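A.B. asks: What follows is final_3.pdb, made up of PDB, N, CA and C atoms, pLDDT in the B column:
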```pdb
ATOM      1  N   MET A   1      -8.511 -10.003  10.896  1.00 80.00           N
ATOM      2  CA  MET A   1      -7.289  -9.291  10.651  1.00 80.00           C
ATOM      3  C   MET A   1      -6.562  -8.973  11.967  1.00 80.00           C
ATOM      4  N   PHE A   2      -7.309  -8.559  12.980  1.00 83.00           N
ATOM      5  CA  PHE A   2      -6.712  -8.234  14.277  1.00 83.00           C
ATOM      6  C   PHE A   2      -5.979  -9.444  14.846  1.00 83.00           C
ATOM      7  N   LEU A   3      -6.610 -10.593  14.826  1.00 88.00           N
ATOM      8  CA  LEU A   3      -5.996 -11.811  15.344  1.00 88.00           C
ATOM      9  C   LEU A   3      -4.723 -12.159  14.572  1.00 88.00           C
ATOM     10  N   LYS A   4      -4.754 -12.010  13.265  1.00 91.00           N
ATOM     11  CA  LYS A   4      -3.568 -12.295  12.441  1.00 91.00           C
ATOM     12  C   LYS A   4      -2.404 -11.393  12.843  1.00 91.00           C
ATOM     13  N   LEU A   5      -2.671 -10.104  13.074  1.00 88.00           N
ATOM     14  CA  LEU A   5      -1.613  -9.185  13.489  1.00 88.00           C
ATOM     15  C   LEU A   5      -1.030  -9.581  14.843  1.00 88.00           C
ATOM     16  N   VAL A   6      -1.880  -9.966  15.781  1.00 86.00           N
ATOM     17  CA  VAL A   6      -1.411 -10.399  17.099  1.00 86.00           C
ATOM     18  C   VAL A   6      -0.555 -11.659  16.963  1.00 86.00           C
ATOM     19  N   GLN A   7      -0.942 -12.558  16.092  1.00 91.00           N
ATOM     20  CA  GLN A   7      -0.165 -13.777  15.881  1.00 91.00           C
ATOM     21  C   GLN A   7       1.210 -13.468  15.278  1.00 91.00           C
ATOM     22  N   VAL A   8       1.275 -12.496  14.378  1.00 91.00           N
ATOM     23  CA  VAL A   8       2.560 -12.092  13.797  1.00 91.00           C
ATOM     24  C   VAL A   8       3.455 -11.509  14.885  1.00 91.00           C
ATOM     25  N   PHE A   9       2.908 -10.611  15.703  1.00 88.00           N
ATOM     26  CA  PHE A   9       3.689 -10.050  16.804  1.00 88.00           C
ATOM     27  C   PHE A   9       4.196 -11.151  17.729  1.00 88.00           C
ATOM     28  N   ASP A  10       3.339 -12.098  18.037  1.00 88.00           N
ATOM     29  CA  ASP A  10       3.724 -13.202  18.923  1.00 88.00           C
ATOM     30  C   ASP A  10       4.867 -14.013  18.324  1.00 88.00           C
ATOM     31  N   SER A  11       4.799 -14.278  17.025  1.00 89.00           N
ATOM     32  CA  SER A  11       5.862 -15.053  16.378  1.00 89.00           C
ATOM     33  C   SER A  11       7.194 -14.303  16.370  1.00 89.00           C
ATOM     34  N   LEU A  12       7.142 -12.977  16.484  1.00 85.00           N
ATOM     35  CA  LEU A  12       8.355 -12.156  16.537  1.00 85.00           C
ATOM     36  C   LEU A  12       8.867 -11.973  17.965  1.00 85.00           C
ATOM     37  N   GLY A  13       8.156 -12.539  18.939  1.00 85.00           N
ATOM     38  CA  GLY A  13       8.573 -12.409  20.325  1.00 85.00           C
ATOM     39  C   GLY A  13       8.118 -11.107  20.955  1.00 85.00           C
ATOM     40  N   VAL A  14       7.059 -10.517  20.411  1.00 88.00           N
ATOM     41  CA  VAL A  14       6.534  -9.258  20.925  1.00 88.00           C
ATOM     42  C   VAL A  14       5.222  -9.540  21.660  1.00 88.00           C
ATOM     43  N   GLU A  15       5.129  -9.037  22.881  1.00 89.00           N
ATOM     44  CA  GLU A  15       3.942  -9.238  23.712  1.00 89.00           C
ATOM     45  C   GLU A  15       3.040  -8.010  23.622  1.00 89.00           C
ATOM     46  N   ILE A  16       1.759  -8.216  23.342  1.00 90.00           N
ATOM     47  CA  ILE A  16       0.798  -7.120  23.280  1.00 90.00           C
ATOM     48  C   ILE A  16       0.322  -6.817  24.702  1.00 90.00           C
ATOM     49  N   ILE A  17       0.534  -5.586  25.145  1.00 90.00           N
ATOM     50  CA  ILE A  17       0.114  -5.164  26.478  1.00 90.00           C
ATOM     51  C   ILE A  17      -1.306  -4.610  26.429  1.00 90.00           C
ATOM     52  N   ASP A  18      -1.591  -3.821  25.389  1.00 92.00           N
ATOM     53  CA  ASP A  18      -2.916  -3.232  25.228  1.00 92.00           C
ATOM     54  C   ASP A  18      -3.159  -3.030  23.740  1.00 92.00           C
ATOM     55  N   ALA A  19      -4.398  -3.072  23.328  1.00 91.00           N
ATOM     56  CA  ALA A  19      -4.724  -2.876  21.916  1.00 91.00           C
ATOM     57  C   ALA A  19      -6.076  -2.184  21.795  1.00 91.00           C
ATOM     58  N   ASP A  20      -6.247  -1.478  20.691  1.00 92.00           N
ATOM     59  CA  ASP A  20      -7.500  -0.760  20.453  1.00 92.00           C
ATOM     60  C   ASP A  20      -7.834  -0.860  18.970  1.00 92.00           C
ATOM     61  N   ILE A  21      -9.108  -0.996  18.677  1.00 90.00           N
ATOM     62  CA  ILE A  21      -9.577  -1.010  17.298  1.00 90.00           C
ATOM     63  C   ILE A  21     -10.563   0.140  17.131  1.00 90.00           C
ATOM     64  N   ALA A  22     -10.263   1.061  16.212  1.00 94.00           N
ATOM     65  CA  ALA A  22     -11.174   2.160  15.893  1.00 94.00           C
ATOM     66  C   ALA A  22     -11.711   1.920  14.490  1.00 94.00           C
ATOM     67  N   THR A  23     -13.013   2.050  14.331  1.00 94.00           N
ATOM     68  CA  THR A  23     -13.655   1.806  13.042  1.00 94.00           C
ATOM     69  C   THR A  23     -14.440   3.038  12.618  1.00 94.00           C
ATOM     70  N   THR A  24     -14.388   3.363  11.326  1.00 95.00           N
ATOM     71  CA  THR A  24     -15.160   4.496  10.827  1.00 95.00           C
ATOM     72  C   THR A  24     -16.649   4.187  10.901  1.00 95.00           C
ATOM     73  N   LYS A  25     -17.467   5.236  10.886  1.00 95.00           N
ATOM     74  CA  LYS A  25     -18.922   5.052  10.992  1.00 95.00           C
ATOM     75  C   LYS A  25     -19.486   4.181   9.877  1.00 95.00           C
ATOM     76  N   ASP A  26     -18.888   4.281   8.690  1.00 96.00           N
ATOM     77  CA  ASP A  26     -19.378   3.473   7.565  1.00 96.00           C
ATOM     78  C   ASP A  26     -18.787   2.060   7.548  1.00 96.00           C
ATOM     79  N   LYS A  27     -17.946   1.747   8.554  1.00 90.00           N
ATOM     80  CA  LYS A  27     -17.353   0.408   8.725  1.00 90.00           C
ATOM     81  C   LYS A  27     -16.414   0.001   7.589  1.00 90.00           C
ATOM     82  N   LYS A  28     -15.916   0.967   6.824  1.00 93.00           N
ATOM     83  CA  LYS A  28     -15.035   0.644   5.709  1.00 93.00           C
ATOM     84  C   LYS A  28     -13.560   0.632   6.098  1.00 93.00           C
ATOM     85  N   ILE A  29     -13.211   1.353   7.168  1.00 93.00           N
ATOM     86  CA  ILE A  29     -11.812   1.442   7.575  1.00 93.00           C
ATOM     87  C   ILE A  29     -11.693   1.147   9.068  1.00 93.00           C
ATOM     88  N   ALA A  30     -10.718   0.319   9.419  1.00 90.00           N
ATOM     89  CA  ALA A  30     -10.423   0.028  10.822  1.00 90.00           C
ATOM     90  C   ALA A  30      -8.962   0.345  11.087  1.00 90.00           C
ATOM     91  N   LEU A  31      -8.683   0.924  12.250  1.00 90.00           N
ATOM     92  CA  LEU A  31      -7.329   1.271  12.647  1.00 90.00           C
ATOM     93  C   LEU A  31      -6.996   0.503  13.914  1.00 90.00           C
ATOM     94  N   ASN A  32      -5.944  -0.285  13.852  1.00 89.00           N
ATOM     95  CA  ASN A  32      -5.492  -1.050  15.023  1.00 89.00           C
ATOM     96  C   ASN A  32      -4.306  -0.331  15.650  1.00 89.00           C
ATOM     97  N   THR A  33      -4.372  -0.128  16.961  1.00 90.00           N
ATOM     98  CA  THR A  33      -3.283   0.489  17.706  1.00 90.00           C
ATOM     99  C   THR A  33      -2.825  -0.493  18.773  1.00 90.00           C
ATOM    100  N   PHE A  34      -1.506  -0.693  18.859  1.00 89.00           N
ATOM    101  CA  PHE A  34      -0.960  -1.655  19.811  1.00 89.00           C
ATOM    102  C   PHE A  34       0.056  -0.990  20.723  1.00 89.00           C
ATOM    103  N   ILE A  35       0.054  -1.370  21.990  1.00 90.00           N
ATOM    104  CA  ILE A  35       1.144  -1.065  22.912  1.00 90.00           C
ATOM    105  C   ILE A  35       1.790  -2.406  23.188  1.00 90.00           C
ATOM    106  N   ALA A  36       3.075  -2.483  22.905  1.00 88.00           N
ATOM    107  CA  ALA A  36       3.745  -3.786  22.958  1.00 88.00           C
ATOM    108  C   ALA A  36       5.122  -3.678  23.601  1.00 88.00           C
ATOM    109  N   SER A  37       5.629  -4.829  24.010  1.00 86.00           N
ATOM    110  CA  SER A  37       7.002  -4.912  24.518  1.00 86.00           C
ATOM    111  C   SER A  37       7.572  -6.262  24.112  1.00 86.00           C
ATOM    112  N   TYR A  38       8.886  -6.352  24.192  1.00 82.00           N
ATOM    113  CA  TYR A  38       9.532  -7.621  23.884  1.00 82.00           C
ATOM    114  C   TYR A  38       9.255  -8.624  24.995  1.00 82.00           C
ATOM    115  N   LYS A  39       9.022  -9.871  24.632  1.00 80.00           N
ATOM    116  CA  LYS A  39       8.847 -10.920  25.633  1.00 80.00           C
ATOM    117  C   LYS A  39      10.154 -11.197  26.345  1.00 80.00           C
ATOM    118  N   TYR A  40      11.249 -11.091  25.605  1.00 72.00           N
ATOM    119  CA  TYR A  40      12.569 -11.388  26.139  1.00 72.00           C
ATOM    120  C   TYR A  40      13.456 -10.174  25.906  1.00 72.00           C
ATOM    121  N   LYS A  41      14.094  -9.679  26.932  1.00 67.00           N
ATOM    122  CA  LYS A  41      14.900  -8.466  26.814  1.00 67.00           C
ATOM    123  C   LYS A  41      16.067  -8.620  25.841  1.00 67.00           C
ATOM    124  N   SER A  42      16.524  -9.850  25.609  1.00 63.00           N
ATOM    125  CA  SER A  42      17.658 -10.063  24.714  1.00 63.00           C
ATOM    126  C   SER A  42      17.266 -10.019  23.243  1.00 63.00           C
ATOM    127  N   MET A  43      15.958 -10.032  22.939  1.00 60.00           N
ATOM    128  CA  MET A  43      15.518 -10.040  21.541  1.00 60.00           C
ATOM    129  C   MET A  43      15.535  -8.634  20.953  1.00 60.00           C
ATOM    130  N   LYS A  44      15.848  -8.545  19.654  1.00 63.00           N
ATOM    131  CA  LYS A  44      15.810  -7.293  18.933  1.00 63.00           C
ATOM    132  C   LYS A  44      14.839  -7.453  17.769  1.00 63.00           C
ATOM    133  N   LEU A  45      14.106  -6.395  17.449  1.00 58.00           N
ATOM    134  CA  LEU A  45      13.125  -6.472  16.388  1.00 58.00           C
ATOM    135  C   LEU A  45      13.785  -6.558  15.008  1.00 58.00           C
ATOM    136  N   THR A  46      14.924  -5.899  14.827  1.00 64.00           N
ATOM    137  CA  THR A  46      15.620  -5.938  13.538  1.00 64.00           C
ATOM    138  C   THR A  46      16.898  -6.755  13.661  1.00 64.00           C
ATOM    139  N   GLN A  47      17.268  -7.385  12.575  1.00 55.00           N
ATOM    140  CA  GLN A  47      18.493  -8.170  12.537  1.00 55.00           C
ATOM    141  C   GLN A  47      19.328  -7.735  11.346  1.00 55.00           C
ATOM    142  N   LYS A  48      20.640  -7.854  11.469  1.00 54.00           N
ATOM    143  CA  LYS A  48      21.532  -7.499  10.354  1.00 54.00           C
ATOM    144  C   LYS A  48      21.910  -8.724   9.588  1.00 54.00           C
TER     145      LYS A  48
END
```
Starting from the file, give its structure as structure tokens.

C.D. replies:
Amino acid sequence: MFLKLVQVFDSLGVEIIDADIATTKDKKIALNTFIASYKYKSMKLTQK
């Protein structure tokens, strides 16, 4: 799942600077946290 999310960000032109995965003790829930920036300053995340 983590790799899939990174691939989606990459396809949107977003570069992952740092990432963290936190998992509950029972391994049932994982939380992904990303610090990201645009690869190209001219790109916008939303379009009209």

A.B. asks: Where does the PyMOL selection byres (((chain A and resi 8-24 and name CA) around 7) and name CA) land in this file, that is, which residues does it pick, as a list in words?

C.D. replies: Lys4, Leu5, Val6, Gln7, Lys25, Asp26, Lys27, Lys28, Ile29, Ala30, Leu31, Asn32, Thr33, Phe34, Ile35, Ala36, Ser37, Tyr38 and Lys39 of chain A

A.B. asks: As a compact mmCIF listing (two decimals) with N, CA and C atoms, in the coordinates of the input, please: every residue in chain A that DSSP puts in strand (DSSP E or B).

C.D. replies:
```txt
# COMPACT_ATOMS: atom_id res chain seq x y z
N VAL A 14 7.06 -10.52 20.41
CA VAL A 14 6.53 -9.26 20.92
C VAL A 14 5.22 -9.54 21.66
N GLU A 15 5.13 -9.04 22.88
CA GLU A 15 3.94 -9.24 23.71
C GLU A 15 3.04 -8.01 23.62
N ILE A 16 1.76 -8.22 23.34
CA ILE A 16 0.80 -7.12 23.28
C ILE A 16 0.32 -6.82 24.70
N ILE A 17 0.53 -5.59 25.14
CA ILE A 17 0.11 -5.16 26.48
C ILE A 17 -1.31 -4.61 26.43
N ASP A 18 -1.59 -3.82 25.39
CA ASP A 18 -2.92 -3.23 25.23
C ASP A 18 -3.16 -3.03 23.74
N ALA A 19 -4.40 -3.07 23.33
CA ALA A 19 -4.72 -2.88 21.92
C ALA A 19 -6.08 -2.18 21.80
N ASP A 20 -6.25 -1.48 20.69
CA ASP A 20 -7.50 -0.76 20.45
C ASP A 20 -7.83 -0.86 18.97
N ILE A 21 -9.11 -1.00 18.68
CA ILE A 21 -9.58 -1.01 17.30
C ILE A 21 -10.56 0.14 17.13
N ALA A 22 -10.26 1.06 16.21
CA ALA A 22 -11.17 2.16 15.89
C ALA A 22 -11.71 1.92 14.49
N THR A 23 -13.01 2.05 14.33
CA THR A 23 -13.66 1.81 13.04
C THR A 23 -14.44 3.04 12.62
N ALA A 30 -10.72 0.32 9.42
CA ALA A 30 -10.42 0.03 10.82
C ALA A 30 -8.96 0.34 11.09
N LEU A 31 -8.68 0.92 12.25
CA LEU A 31 -7.33 1.27 12.65
C LEU A 31 -7.00 0.50 13.91
N ASN A 32 -5.94 -0.28 13.85
CA ASN A 32 -5.49 -1.05 15.02
C ASN A 32 -4.31 -0.33 15.65
N THR A 33 -4.37 -0.13 16.96
CA THR A 33 -3.28 0.49 17.71
C THR A 33 -2.82 -0.49 18.77
N PHE A 34 -1.51 -0.69 18.86
CA PHE A 34 -0.96 -1.66 19.81
C PHE A 34 0.06 -0.99 20.72
N ILE A 35 0.05 -1.37 21.99
CA ILE A 35 1.14 -1.06 22.91
C ILE A 35 1.79 -2.41 23.19
N ALA A 36 3.08 -2.48 22.90
CA ALA A 36 3.74 -3.79 22.96
C ALA A 36 5.12 -3.68 23.60
N SER A 37 5.63 -4.83 24.01
CA SER A 37 7.00 -4.91 24.52
C SER A 37 7.57 -6.26 24.11
N TYR A 38 8.89 -6.35 24.19
CA TYR A 38 9.53 -7.62 23.88
C TYR A 38 9.26 -8.62 25.00
```

A.B. asks: Please give the complete set of residues from chain A that DSSP, run on the backbone, assigns to alpha helix (DSSP H), formatted as number ranges by chain.

C.D. replies: A: 2-11
